[in-house]
$ cat entry32.cif   # mmCIF, N, CA and C atoms
data_input
#
loop_
_atom_site.label_atom_id
_atom_site.label_comp_id
_atom_site.auth_asym_id
_atom_site.auth_seq_id
_atom_site.Cartn_x
_atom_site.Cartn_y
_atom_site.Cartn_z
N MET A 1 -8.64 3.20 5.78
CA MET A 1 -8.23 3.90 6.99
C MET A 1 -7.91 5.34 6.64
N ALA A 2 -8.31 6.24 7.48
CA ALA A 2 -8.03 7.65 7.30
C ALA A 2 -6.58 7.93 7.65
N ASP A 3 -5.92 8.81 6.86
CA ASP A 3 -4.52 9.15 7.12
C ASP A 3 -4.39 10.37 8.00
N ASP A 4 -5.27 11.34 7.82
CA ASP A 4 -5.17 12.59 8.55
C ASP A 4 -6.39 12.80 9.44
N TYR A 5 -6.17 13.58 10.49
CA TYR A 5 -7.28 13.92 11.37
C TYR A 5 -8.13 14.98 10.68
N LEU A 6 -9.43 14.78 10.68
CA LEU A 6 -10.35 15.72 10.07
C LEU A 6 -10.57 16.91 11.01
N ASN A 7 -10.61 18.07 10.43
CA ASN A 7 -10.89 19.28 11.18
C ASN A 7 -11.80 20.13 10.32
N PRO A 8 -13.08 20.25 10.62
CA PRO A 8 -13.68 19.98 11.91
C PRO A 8 -14.17 18.57 12.11
N GLY A 9 -14.33 17.79 11.08
CA GLY A 9 -14.86 16.43 11.24
C GLY A 9 -16.37 16.42 11.17
N PRO A 10 -16.96 15.24 11.29
CA PRO A 10 -18.42 15.12 11.21
C PRO A 10 -19.09 15.71 12.45
N SER A 11 -20.35 15.99 12.31
CA SER A 11 -21.14 16.48 13.45
C SER A 11 -21.62 15.29 14.27
N ARG A 12 -22.09 15.55 15.46
CA ARG A 12 -22.64 14.48 16.30
C ARG A 12 -23.87 13.87 15.63
N ASP A 13 -24.68 14.69 14.98
CA ASP A 13 -25.85 14.17 14.28
C ASP A 13 -25.44 13.20 13.17
N GLU A 14 -24.36 13.51 12.46
CA GLU A 14 -23.87 12.62 11.41
C GLU A 14 -23.38 11.29 12.00
N ILE A 15 -22.67 11.36 13.12
CA ILE A 15 -22.20 10.14 13.77
C ILE A 15 -23.37 9.32 14.29
N ASP A 16 -24.33 9.97 14.92
CA ASP A 16 -25.51 9.25 15.44
C ASP A 16 -26.30 8.57 14.33
N ALA A 17 -26.29 9.13 13.13
CA ALA A 17 -27.03 8.57 11.99
C ALA A 17 -26.19 7.59 11.17
N TRP A 18 -24.93 7.40 11.54
CA TRP A 18 -24.02 6.53 10.79
C TRP A 18 -24.57 5.12 10.72
N GLN A 19 -24.53 4.53 9.54
CA GLN A 19 -24.99 3.16 9.36
C GLN A 19 -23.79 2.23 9.26
N GLY A 20 -23.81 1.17 10.07
CA GLY A 20 -22.74 0.19 10.02
C GLY A 20 -21.68 0.44 11.08
N PRO A 21 -20.61 -0.37 11.05
CA PRO A 21 -19.55 -0.26 12.04
C PRO A 21 -18.62 0.91 11.77
N LEU A 22 -18.21 1.57 12.84
CA LEU A 22 -17.34 2.75 12.73
C LEU A 22 -16.34 2.75 13.88
N LEU A 23 -15.08 2.99 13.55
CA LEU A 23 -14.06 3.25 14.54
C LEU A 23 -13.79 4.75 14.48
N LEU A 24 -14.18 5.46 15.52
CA LEU A 24 -14.05 6.91 15.59
C LEU A 24 -12.87 7.22 16.51
N GLU A 25 -11.85 7.85 15.95
CA GLU A 25 -10.62 8.12 16.70
C GLU A 25 -10.47 9.63 16.93
N PHE A 26 -10.24 10.00 18.17
CA PHE A 26 -9.99 11.40 18.53
C PHE A 26 -8.52 11.57 18.89
N GLY A 27 -7.91 12.62 18.38
CA GLY A 27 -6.51 12.91 18.69
C GLY A 27 -6.02 14.08 17.87
N THR A 28 -4.70 14.20 17.76
CA THR A 28 -4.07 15.22 16.94
C THR A 28 -2.82 14.64 16.30
N SER A 29 -2.40 15.22 15.20
CA SER A 29 -1.22 14.71 14.49
C SER A 29 0.07 14.91 15.27
N TRP A 30 0.11 15.90 16.17
CA TRP A 30 1.33 16.18 16.93
C TRP A 30 1.41 15.43 18.25
N CYS A 31 0.37 14.71 18.61
CA CYS A 31 0.32 13.98 19.89
C CYS A 31 1.18 12.71 19.82
N GLY A 32 2.15 12.59 20.72
CA GLY A 32 3.01 11.42 20.75
C GLY A 32 2.26 10.12 21.01
N HIS A 33 1.27 10.16 21.88
CA HIS A 33 0.46 8.97 22.16
C HIS A 33 -0.32 8.55 20.91
N CYS A 34 -0.81 9.54 20.17
CA CYS A 34 -1.56 9.26 18.94
C CYS A 34 -0.64 8.65 17.88
N GLN A 35 0.55 9.20 17.76
CA GLN A 35 1.52 8.67 16.80
C GLN A 35 1.89 7.24 17.14
N ALA A 36 2.08 6.95 18.43
CA ALA A 36 2.43 5.60 18.86
C ALA A 36 1.29 4.62 18.60
N ALA A 37 0.07 5.06 18.76
CA ALA A 37 -1.09 4.18 18.58
C ALA A 37 -1.45 3.95 17.12
N ALA A 38 -0.97 4.78 16.22
CA ALA A 38 -1.36 4.69 14.81
C ALA A 38 -1.08 3.31 14.22
N SER A 39 0.10 2.76 14.46
CA SER A 39 0.43 1.45 13.89
C SER A 39 -0.39 0.34 14.56
N VAL A 40 -0.67 0.49 15.84
CA VAL A 40 -1.47 -0.48 16.58
C VAL A 40 -2.89 -0.53 16.00
N ILE A 41 -3.44 0.64 15.75
CA ILE A 41 -4.80 0.73 15.20
C ILE A 41 -4.82 0.16 13.78
N ALA A 42 -3.83 0.55 12.98
CA ALA A 42 -3.75 0.05 11.59
C ALA A 42 -3.62 -1.46 11.56
N GLN A 43 -2.81 -2.01 12.44
CA GLN A 43 -2.61 -3.45 12.50
C GLN A 43 -3.92 -4.16 12.82
N ALA A 44 -4.65 -3.67 13.79
CA ALA A 44 -5.92 -4.30 14.19
C ALA A 44 -6.96 -4.20 13.07
N LEU A 45 -6.96 -3.10 12.34
CA LEU A 45 -7.97 -2.89 11.30
C LEU A 45 -7.77 -3.77 10.07
N THR A 46 -6.58 -4.37 9.91
CA THR A 46 -6.34 -5.19 8.71
C THR A 46 -7.32 -6.34 8.61
N GLU A 47 -7.80 -6.86 9.73
CA GLU A 47 -8.73 -7.96 9.74
C GLU A 47 -10.19 -7.51 9.61
N PHE A 48 -10.42 -6.21 9.72
CA PHE A 48 -11.78 -5.67 9.76
C PHE A 48 -11.96 -4.64 8.63
N GLN A 49 -11.89 -5.10 7.40
CA GLN A 49 -11.95 -4.22 6.23
C GLN A 49 -13.28 -3.47 6.10
N SER A 50 -14.35 -4.02 6.67
CA SER A 50 -15.67 -3.39 6.53
C SER A 50 -15.90 -2.25 7.54
N VAL A 51 -14.98 -2.07 8.48
CA VAL A 51 -15.14 -1.03 9.49
C VAL A 51 -14.55 0.28 8.97
N GLU A 52 -15.37 1.31 8.95
CA GLU A 52 -14.89 2.65 8.58
C GLU A 52 -14.05 3.20 9.73
N HIS A 53 -12.99 3.92 9.38
CA HIS A 53 -12.11 4.54 10.39
C HIS A 53 -12.11 6.04 10.12
N VAL A 54 -12.61 6.80 11.06
CA VAL A 54 -12.66 8.26 10.95
C VAL A 54 -11.83 8.85 12.07
N LYS A 55 -10.83 9.64 11.69
CA LYS A 55 -9.96 10.30 12.67
C LYS A 55 -10.38 11.76 12.75
N VAL A 56 -10.68 12.23 13.96
CA VAL A 56 -11.15 13.59 14.17
C VAL A 56 -10.15 14.34 15.05
N GLU A 57 -9.69 15.48 14.56
CA GLU A 57 -8.80 16.31 15.37
C GLU A 57 -9.59 16.86 16.55
N ASP A 58 -9.02 16.72 17.73
CA ASP A 58 -9.72 17.13 18.94
C ASP A 58 -8.90 18.19 19.66
N SER A 59 -9.56 18.98 20.43
CA SER A 59 -8.93 19.98 21.31
C SER A 59 -10.00 20.45 22.29
N PRO A 60 -9.59 21.11 23.36
CA PRO A 60 -10.58 21.61 24.31
C PRO A 60 -11.63 22.48 23.60
N GLY A 61 -12.85 22.25 23.92
CA GLY A 61 -13.93 23.05 23.34
C GLY A 61 -14.52 22.51 22.06
N ARG A 62 -13.93 21.47 21.48
CA ARG A 62 -14.50 20.89 20.26
C ARG A 62 -15.72 20.07 20.64
N GLN A 63 -16.82 20.37 20.01
CA GLN A 63 -18.11 19.79 20.42
C GLN A 63 -18.18 18.28 20.29
N LEU A 64 -17.68 17.73 19.20
CA LEU A 64 -17.83 16.28 19.02
C LEU A 64 -17.07 15.52 20.10
N GLY A 65 -15.84 15.91 20.36
CA GLY A 65 -15.08 15.25 21.42
C GLY A 65 -15.72 15.40 22.78
N ARG A 66 -16.25 16.59 23.06
CA ARG A 66 -16.90 16.79 24.35
C ARG A 66 -18.17 15.96 24.47
N SER A 67 -18.89 15.81 23.36
CA SER A 67 -20.13 15.03 23.41
C SER A 67 -19.85 13.57 23.73
N PHE A 68 -18.64 13.09 23.41
CA PHE A 68 -18.24 11.73 23.75
C PHE A 68 -17.40 11.68 25.02
N ARG A 69 -17.28 12.81 25.70
CA ARG A 69 -16.52 12.92 26.95
C ARG A 69 -15.07 12.46 26.81
N VAL A 70 -14.44 12.86 25.70
CA VAL A 70 -13.04 12.54 25.45
C VAL A 70 -12.17 13.39 26.37
N LYS A 71 -11.26 12.74 27.10
CA LYS A 71 -10.36 13.43 28.02
C LYS A 71 -8.90 13.26 27.62
N LEU A 72 -8.55 12.09 27.08
CA LEU A 72 -7.18 11.78 26.71
C LEU A 72 -7.11 11.35 25.25
N TRP A 73 -5.96 11.56 24.63
CA TRP A 73 -5.76 11.16 23.23
C TRP A 73 -4.74 10.05 23.16
N PRO A 74 -4.88 9.17 22.22
CA PRO A 74 -6.08 9.00 21.42
C PRO A 74 -7.17 8.27 22.21
N THR A 75 -8.37 8.63 21.89
CA THR A 75 -9.53 7.88 22.36
C THR A 75 -10.19 7.30 21.12
N VAL A 76 -10.37 5.99 21.14
CA VAL A 76 -10.97 5.28 20.02
C VAL A 76 -12.34 4.77 20.48
N ILE A 77 -13.36 5.13 19.73
CA ILE A 77 -14.72 4.75 20.09
C ILE A 77 -15.26 3.82 19.00
N PHE A 78 -15.78 2.69 19.43
CA PHE A 78 -16.34 1.69 18.52
C PHE A 78 -17.85 1.88 18.49
N LEU A 79 -18.38 2.16 17.29
CA LEU A 79 -19.81 2.41 17.15
C LEU A 79 -20.40 1.48 16.10
N ASN A 80 -21.64 1.10 16.31
CA ASN A 80 -22.39 0.36 15.31
C ASN A 80 -23.74 1.04 15.14
N ASP A 81 -24.02 1.47 13.92
CA ASP A 81 -25.24 2.22 13.61
C ASP A 81 -25.41 3.42 14.55
N GLY A 82 -24.29 4.11 14.82
CA GLY A 82 -24.32 5.33 15.61
C GLY A 82 -24.38 5.13 17.12
N VAL A 83 -24.34 3.88 17.57
CA VAL A 83 -24.43 3.57 19.00
C VAL A 83 -23.05 3.12 19.49
N GLU A 84 -22.58 3.73 20.58
CA GLU A 84 -21.30 3.34 21.14
C GLU A 84 -21.38 1.94 21.73
N ILE A 85 -20.44 1.10 21.29
CA ILE A 85 -20.36 -0.29 21.75
C ILE A 85 -19.22 -0.44 22.75
N GLY A 86 -18.19 0.40 22.60
CA GLY A 86 -17.04 0.33 23.48
C GLY A 86 -16.04 1.42 23.14
N ARG A 87 -14.96 1.48 23.91
CA ARG A 87 -13.92 2.45 23.63
C ARG A 87 -12.59 1.97 24.19
N ALA A 88 -11.53 2.54 23.65
CA ALA A 88 -10.17 2.30 24.14
C ALA A 88 -9.50 3.66 24.27
N VAL A 89 -8.89 3.90 25.43
CA VAL A 89 -8.20 5.16 25.67
C VAL A 89 -6.71 4.87 25.74
N ARG A 90 -5.96 5.57 24.90
CA ARG A 90 -4.51 5.38 24.78
C ARG A 90 -4.13 3.90 24.62
N PRO A 91 -4.69 3.27 23.59
CA PRO A 91 -4.39 1.85 23.39
C PRO A 91 -2.91 1.65 23.10
N GLU A 92 -2.37 0.58 23.67
CA GLU A 92 -0.95 0.28 23.47
C GLU A 92 -0.72 -0.99 22.67
N THR A 93 -1.75 -1.81 22.53
CA THR A 93 -1.60 -3.05 21.78
C THR A 93 -2.72 -3.20 20.76
N ALA A 94 -2.43 -3.94 19.70
CA ALA A 94 -3.45 -4.23 18.70
C ALA A 94 -4.57 -5.05 19.31
N ALA A 95 -4.25 -5.83 20.34
CA ALA A 95 -5.28 -6.65 21.00
C ALA A 95 -6.38 -5.80 21.61
N GLU A 96 -6.03 -4.63 22.14
CA GLU A 96 -7.04 -3.73 22.72
C GLU A 96 -8.02 -3.27 21.64
N ILE A 97 -7.48 -2.91 20.49
CA ILE A 97 -8.33 -2.45 19.37
C ILE A 97 -9.11 -3.64 18.82
N HIS A 98 -8.45 -4.75 18.66
CA HIS A 98 -9.09 -5.96 18.13
C HIS A 98 -10.30 -6.35 18.98
N ALA A 99 -10.16 -6.28 20.30
CA ALA A 99 -11.27 -6.63 21.20
C ALA A 99 -12.47 -5.73 20.96
N GLY A 100 -12.24 -4.44 20.76
CA GLY A 100 -13.34 -3.52 20.47
C GLY A 100 -13.97 -3.80 19.12
N LEU A 101 -13.14 -4.12 18.14
CA LEU A 101 -13.65 -4.41 16.81
C LEU A 101 -14.47 -5.71 16.82
N GLU A 102 -14.06 -6.67 17.62
CA GLU A 102 -14.83 -7.92 17.75
C GLU A 102 -16.24 -7.65 18.27
N LYS A 103 -16.38 -6.66 19.17
CA LYS A 103 -17.70 -6.32 19.70
C LYS A 103 -18.63 -5.83 18.59
N LEU A 104 -18.06 -5.26 17.54
CA LEU A 104 -18.88 -4.77 16.43
C LEU A 104 -19.45 -5.92 15.62
N ARG A 105 -18.86 -7.09 15.73
CA ARG A 105 -19.36 -8.26 15.00
C ARG A 105 -20.54 -8.90 15.70
N ASP A 106 -20.66 -8.69 16.99
CA ASP A 106 -21.74 -9.34 17.77
C ASP A 106 -23.11 -8.89 17.34
#

$ encode --input "entry32.cif" --output "structure tokens"
Amino acid sequence: MADDYLNPGPSRDEIDAWQGPLLLEFGTSWCGHCQAAASVIAQALTEFQSVEHVKVEDSPGRQLGRSFRVKLWPTVIFLNDGVEIGRAVRPETAAEIHAGLEKLRD
């Protein structure tokens, strides 16, 4: 699991070419909603060791976040081989993240 938000983070082309399951998280280190969701996300990921977790610092005008139409933080996007399978916006429970991660197994 990533500890810090990447700035600038990967490009959209890199995400689209990603092989395997990926949990892509958009937010900022100072965001209260992001801080609250951190333990929820970490808890859900304990069962899914093979899923990469990439945290990307987002703000207005950042291309990667805009390309995924991110409006609120944190937004967690579940991708498999670069294709979006699902997303969770401001998740409050590990069950919300777990449900998205389960979709990556299908």

$ resolve_selection --input "entry32.cif" --expression "the PyMOL selection byres ((chain A and resi 90) around 6.5)" --output "VMD selection string"
chain A and resid 72 to 76 88 to 89 91 to 92

$ atom_distance --input "entry32.cif" --atom1 "atom CA of Asp4 of chain A" --atom2 "atom CA of Ala36 of chain A"
14.6 Å

$ atom_distance --input "entry32.cif" --atom1 "atom CA of Asp16 of chain A" --atom2 "atom CA of Gly86 of chain A"
14.7 Å

$ select_by_dssp --input "entry32.cif" --residues "segment 18-77 of chain A" --states "strand (DSSP E)" --output "ChimeraX atom specification"
/A:21-27,52-57,75-77

$ residues_around --input "entry32.cif" --residues "segment 45-58 of chain A" --least-positions-apart "4" --cutoff "6 Å" --atoms "only C-alpha atoms" --output "tab-separated table (two decimals) with N, CA and C atoms, keeping the file's coordinate frame"
chain	number	residue	atom	x	y	z
A	1	MET	N	-8.64	3.20	5.78
A	1	MET	CA	-8.23	3.90	6.99
A	1	MET	C	-7.91	5.34	6.64
A	2	ALA	N	-8.31	6.24	7.48
A	2	ALA	CA	-8.03	7.65	7.30
A	2	ALA	C	-6.58	7.93	7.65
A	5	TYR	N	-6.17	13.58	10.49
A	5	TYR	CA	-7.28	13.92	11.37
A	5	TYR	C	-8.13	14.98	10.68
A	6	LEU	N	-9.43	14.78	10.68
A	6	LEU	CA	-10.35	15.72	10.07
A	6	LEU	C	-10.57	16.91	11.01
A	7	ASN	N	-10.61	18.07	10.43
A	7	ASN	CA	-10.89	19.28	11.18
A	7	ASN	C	-11.80	20.13	10.32
A	9	GLY	N	-14.33	17.79	11.08
A	9	GLY	CA	-14.86	16.43	11.24
A	9	GLY	C	-16.37	16.42	11.17
A	21	PRO	N	-20.61	-0.37	11.05
A	21	PRO	CA	-19.55	-0.26	12.04
A	21	PRO	C	-18.62	0.91	11.77
A	22	LEU	N	-18.21	1.57	12.84
A	22	LEU	CA	-17.34	2.75	12.73
A	22	LEU	C	-16.34	2.75	13.88
A	23	LEU	N	-15.08	2.99	13.55
A	23	LEU	CA	-14.06	3.25	14.54
A	23	LEU	C	-13.79	4.75	14.48
A	24	LEU	N	-14.18	5.46	15.52
A	24	LEU	CA	-14.05	6.91	15.59
A	24	LEU	C	-12.87	7.22	16.51
A	25	GLU	N	-11.85	7.85	15.95
A	25	GLU	CA	-10.62	8.12	16.70
A	25	GLU	C	-10.47	9.63	16.93
A	26	PHE	N	-10.24	10.00	18.17
A	26	PHE	CA	-9.99	11.40	18.53
A	26	PHE	C	-8.52	11.57	18.89
A	27	GLY	N	-7.91	12.62	18.38
A	27	GLY	CA	-6.51	12.91	18.69
A	27	GLY	C	-6.02	14.08	17.87
A	28	THR	N	-4.70	14.20	17.76
A	28	THR	CA	-4.07	15.22	16.94
A	28	THR	C	-2.82	14.64	16.30

$ residues_around --input "entry32.cif" --residues "Ser11 of chain A" --least-positions-apart "6" --cutoff "8 Å" --atoms "all atoms listed in the file" --output "ChimeraX atom specification"
/A:17,63-64

$ closest_residue --input "entry32.cif" --among "A:Ala99, A:Ser67, A:Thr93, A:Ile85" --to "Arg12 of chain A" --atoms "only N, CA and C atoms"
A:Ser67

$ decode --input "entry32.cif" --residues "segment 68-103 of chain A" --atoms "N, CA and C atoms" --output "PDB file, in the first residue's frame"
ATOM      1  N   PHE A  68     -10.660  10.985 -15.112  1.00  0.00           N
ATOM      2  CA  PHE A  68     -11.540  10.035 -14.440  1.00  0.00           C
ATOM      3  C   PHE A  68     -12.775  10.720 -13.847  1.00  0.00           C
ATOM      4  N   ARG A  69     -12.936  11.998 -14.144  1.00  0.00           N
ATOM      5  CA  ARG A  69     -14.081  12.790 -13.665  1.00  0.00           C
ATOM      6  C   ARG A  69     -14.218  12.771 -12.148  1.00  0.00           C
ATOM      7  N   VAL A  70     -13.083  12.912 -11.459  1.00  0.00           N
ATOM      8  CA  VAL A  70     -13.064  12.963 -10.000  1.00  0.00           C
ATOM      9  C   VAL A  70     -13.609  14.315  -9.555  1.00  0.00           C
ATOM     10  N   LYS A  71     -14.586  14.288  -8.652  1.00  0.00           N
ATOM     11  CA  LYS A  71     -15.202  15.512  -8.130  1.00  0.00           C
ATOM     12  C   LYS A  71     -14.988  15.653  -6.627  1.00  0.00           C
ATOM     13  N   LEU A  72     -14.994  14.535  -5.902  1.00  0.00           N
ATOM     14  CA  LEU A  72     -14.859  14.550  -4.452  1.00  0.00           C
ATOM     15  C   LEU A  72     -13.705  13.653  -4.025  1.00  0.00           C
ATOM     16  N   TRP A  73     -13.123  13.957  -2.879  1.00  0.00           N
ATOM     17  CA  TRP A  73     -12.019  13.149  -2.341  1.00  0.00           C
ATOM     18  C   TRP A  73     -12.462  12.456  -1.070  1.00  0.00           C
ATOM     19  N   PRO A  74     -11.955  11.295  -0.817  1.00  0.00           N
ATOM     20  CA  PRO A  74     -11.218  10.482  -1.770  1.00  0.00           C
ATOM     21  C   PRO A  74     -12.174   9.805  -2.762  1.00  0.00           C
ATOM     22  N   THR A  75     -11.668   9.632  -3.942  1.00  0.00           N
ATOM     23  CA  THR A  75     -12.338   8.792  -4.934  1.00  0.00           C
ATOM     24  C   THR A  75     -11.405   7.624  -5.194  1.00  0.00           C
ATOM     25  N   VAL A  76     -11.944   6.427  -5.036  1.00  0.00           N
ATOM     26  CA  VAL A  76     -11.175   5.206  -5.227  1.00  0.00           C
ATOM     27  C   VAL A  76     -11.724   4.514  -6.474  1.00  0.00           C
ATOM     28  N   ILE A  77     -10.833   4.249  -7.407  1.00  0.00           N
ATOM     29  CA  ILE A  77     -11.233   3.625  -8.668  1.00  0.00           C
ATOM     30  C   ILE A  77     -10.583   2.245  -8.748  1.00  0.00           C
ATOM     31  N   PHE A  78     -11.404   1.249  -9.033  1.00  0.00           N
ATOM     32  CA  PHE A  78     -10.951  -0.131  -9.153  1.00  0.00           C
ATOM     33  C   PHE A  78     -10.754  -0.435 -10.628  1.00  0.00           C
ATOM     34  N   LEU A  79      -9.522  -0.799 -10.996  1.00  0.00           N
ATOM     35  CA  LEU A  79      -9.206  -1.071 -12.389  1.00  0.00           C
ATOM     36  C   LEU A  79      -8.594  -2.455 -12.529  1.00  0.00           C
ATOM     37  N   ASN A  80      -8.862  -3.083 -13.654  1.00  0.00           N
ATOM     38  CA  ASN A  80      -8.212  -4.333 -14.003  1.00  0.00           C
ATOM     39  C   ASN A  80      -7.705  -4.209 -15.428  1.00  0.00           C
ATOM     40  N   ASP A  81      -6.399  -4.372 -15.589  1.00  0.00           N
ATOM     41  CA  ASP A  81      -5.750  -4.204 -16.896  1.00  0.00           C
ATOM     42  C   ASP A  81      -6.106  -2.854 -17.522  1.00  0.00           C
ATOM     43  N   GLY A  82      -6.134  -1.804 -16.687  1.00  0.00           N
ATOM     44  CA  GLY A  82      -6.360  -0.448 -17.167  1.00  0.00           C
ATOM     45  C   GLY A  82      -7.816  -0.087 -17.429  1.00  0.00           C
ATOM     46  N   VAL A  83      -8.737  -1.002 -17.155  1.00  0.00           N
ATOM     47  CA  VAL A  83     -10.159  -0.767 -17.405  1.00  0.00           C
ATOM     48  C   VAL A  83     -10.870  -0.566 -16.067  1.00  0.00           C
ATOM     49  N   GLU A  84     -11.648   0.516 -15.967  1.00  0.00           N
ATOM     50  CA  GLU A  84     -12.387   0.776 -14.741  1.00  0.00           C
ATOM     51  C   GLU A  84     -13.489  -0.260 -14.563  1.00  0.00           C
ATOM     52  N   ILE A  85     -13.484  -0.876 -13.373  1.00  0.00           N
ATOM     53  CA  ILE A  85     -14.462  -1.896 -13.021  1.00  0.00           C
ATOM     54  C   ILE A  85     -15.512  -1.309 -12.071  1.00  0.00           C
ATOM     55  N   GLY A  86     -15.090  -0.317 -11.283  1.00  0.00           N
ATOM     56  CA  GLY A  86     -15.991   0.300 -10.323  1.00  0.00           C
ATOM     57  C   GLY A  86     -15.289   1.429  -9.600  1.00  0.00           C
ATOM     58  N   ARG A  87     -16.034   2.098  -8.717  1.00  0.00           N
ATOM     59  CA  ARG A  87     -15.445   3.166  -7.934  1.00  0.00           C
ATOM     60  C   ARG A  87     -16.227   3.362  -6.644  1.00  0.00           C
ATOM     61  N   ALA A  88     -15.560   3.984  -5.684  1.00  0.00           N
ATOM     62  CA  ALA A  88     -16.186   4.363  -4.415  1.00  0.00           C
ATOM     63  C   ALA A  88     -15.789   5.807  -4.148  1.00  0.00           C
ATOM     64  N   VAL A  89     -16.785   6.633  -3.834  1.00  0.00           N
ATOM     65  CA  VAL A  89     -16.538   8.040  -3.547  1.00  0.00           C
ATOM     66  C   VAL A  89     -16.796   8.269  -2.061  1.00  0.00           C
ATOM     67  N   ARG A  90     -15.794   8.797  -1.383  1.00  0.00           N
ATOM     68  CA  ARG A  90     -15.849   9.030   0.067  1.00  0.00           C
ATOM     69  C   ARG A  90     -16.322   7.787   0.827  1.00  0.00           C
ATOM     70  N   PRO A  91     -15.604   6.686   0.634  1.00  0.00           N
ATOM     71  CA  PRO A  91     -16.014   5.456   1.321  1.00  0.00           C
ATOM     72  C   PRO A  91     -15.917   5.620   2.835  1.00  0.00           C
ATOM     73  N   GLU A  92     -16.899   5.057   3.524  1.00  0.00           N
ATOM     74  CA  GLU A  92     -16.924   5.154   4.981  1.00  0.00           C
ATOM     75  C   GLU A  92     -16.717   3.817   5.667  1.00  0.00           C
ATOM     76  N   THR A  93     -16.861   2.728   4.921  1.00  0.00           N
ATOM     77  CA  THR A  93     -16.692   1.404   5.515  1.00  0.00           C
ATOM     78  C   THR A  93     -15.755   0.553   4.664  1.00  0.00           C
ATOM     79  N   ALA A  94     -15.108  -0.399   5.321  1.00  0.00           N
ATOM     80  CA  ALA A  94     -14.250  -1.331   4.599  1.00  0.00           C
ATOM     81  C   ALA A  94     -15.076  -2.164   3.633  1.00  0.00           C
ATOM     82  N   ALA A  95     -16.355  -2.377   3.957  1.00  0.00           N
ATOM     83  CA  ALA A  95     -17.227  -3.165   3.079  1.00  0.00           C
ATOM     84  C   ALA A  95     -17.377  -2.522   1.704  1.00  0.00           C
ATOM     85  N   GLU A  96     -17.405  -1.192   1.647  1.00  0.00           N
ATOM     86  CA  GLU A  96     -17.510  -0.500   0.355  1.00  0.00           C
ATOM     87  C   GLU A  96     -16.284  -0.787  -0.507  1.00  0.00           C
ATOM     88  N   ILE A  97     -15.120  -0.740   0.113  1.00  0.00           N
ATOM     89  CA  ILE A  97     -13.868  -1.011  -0.620  1.00  0.00           C
ATOM     90  C   ILE A  97     -13.794  -2.495  -0.960  1.00  0.00           C
ATOM     91  N   HIS A  98     -14.145  -3.329  -0.019  1.00  0.00           N
ATOM     92  CA  HIS A  98     -14.113  -4.774  -0.223  1.00  0.00           C
ATOM     93  C   HIS A  98     -14.976  -5.175  -1.421  1.00  0.00           C
ATOM     94  N   ALA A  99     -16.158  -4.577  -1.534  1.00  0.00           N
ATOM     95  CA  ALA A  99     -17.053  -4.891  -2.654  1.00  0.00           C
ATOM     96  C   ALA A  99     -16.404  -4.562  -3.989  1.00  0.00           C
ATOM     97  N   GLY A 100     -15.716  -3.432  -4.067  1.00  0.00           N
ATOM     98  CA  GLY A 100     -15.015  -3.068  -5.298  1.00  0.00           C
ATOM     99  C   GLY A 100     -13.858  -4.001  -5.591  1.00  0.00           C
ATOM    100  N   LEU A 101     -13.141  -4.398  -4.551  1.00  0.00           N
ATOM    101  CA  LEU A 101     -12.018  -5.295  -4.734  1.00  0.00           C
ATOM    102  C   LEU A 101     -12.499  -6.685  -5.177  1.00  0.00           C
ATOM    103  N   GLU A 102     -13.650  -7.102  -4.683  1.00  0.00           N
ATOM    104  CA  GLU A 102     -14.231  -8.383  -5.111  1.00  0.00           C
ATOM    105  C   GLU A 102     -14.509  -8.393  -6.613  1.00  0.00           C
ATOM    106  N   LYS A 103     -14.925  -7.235  -7.157  1.00  0.00           N
ATOM    107  CA  LYS A 103     -15.194  -7.141  -8.592  1.00  0.00           C
ATOM    108  C   LYS A 103     -13.935  -7.404  -9.409  1.00  0.00           C
TER     109      LYS A 103
END
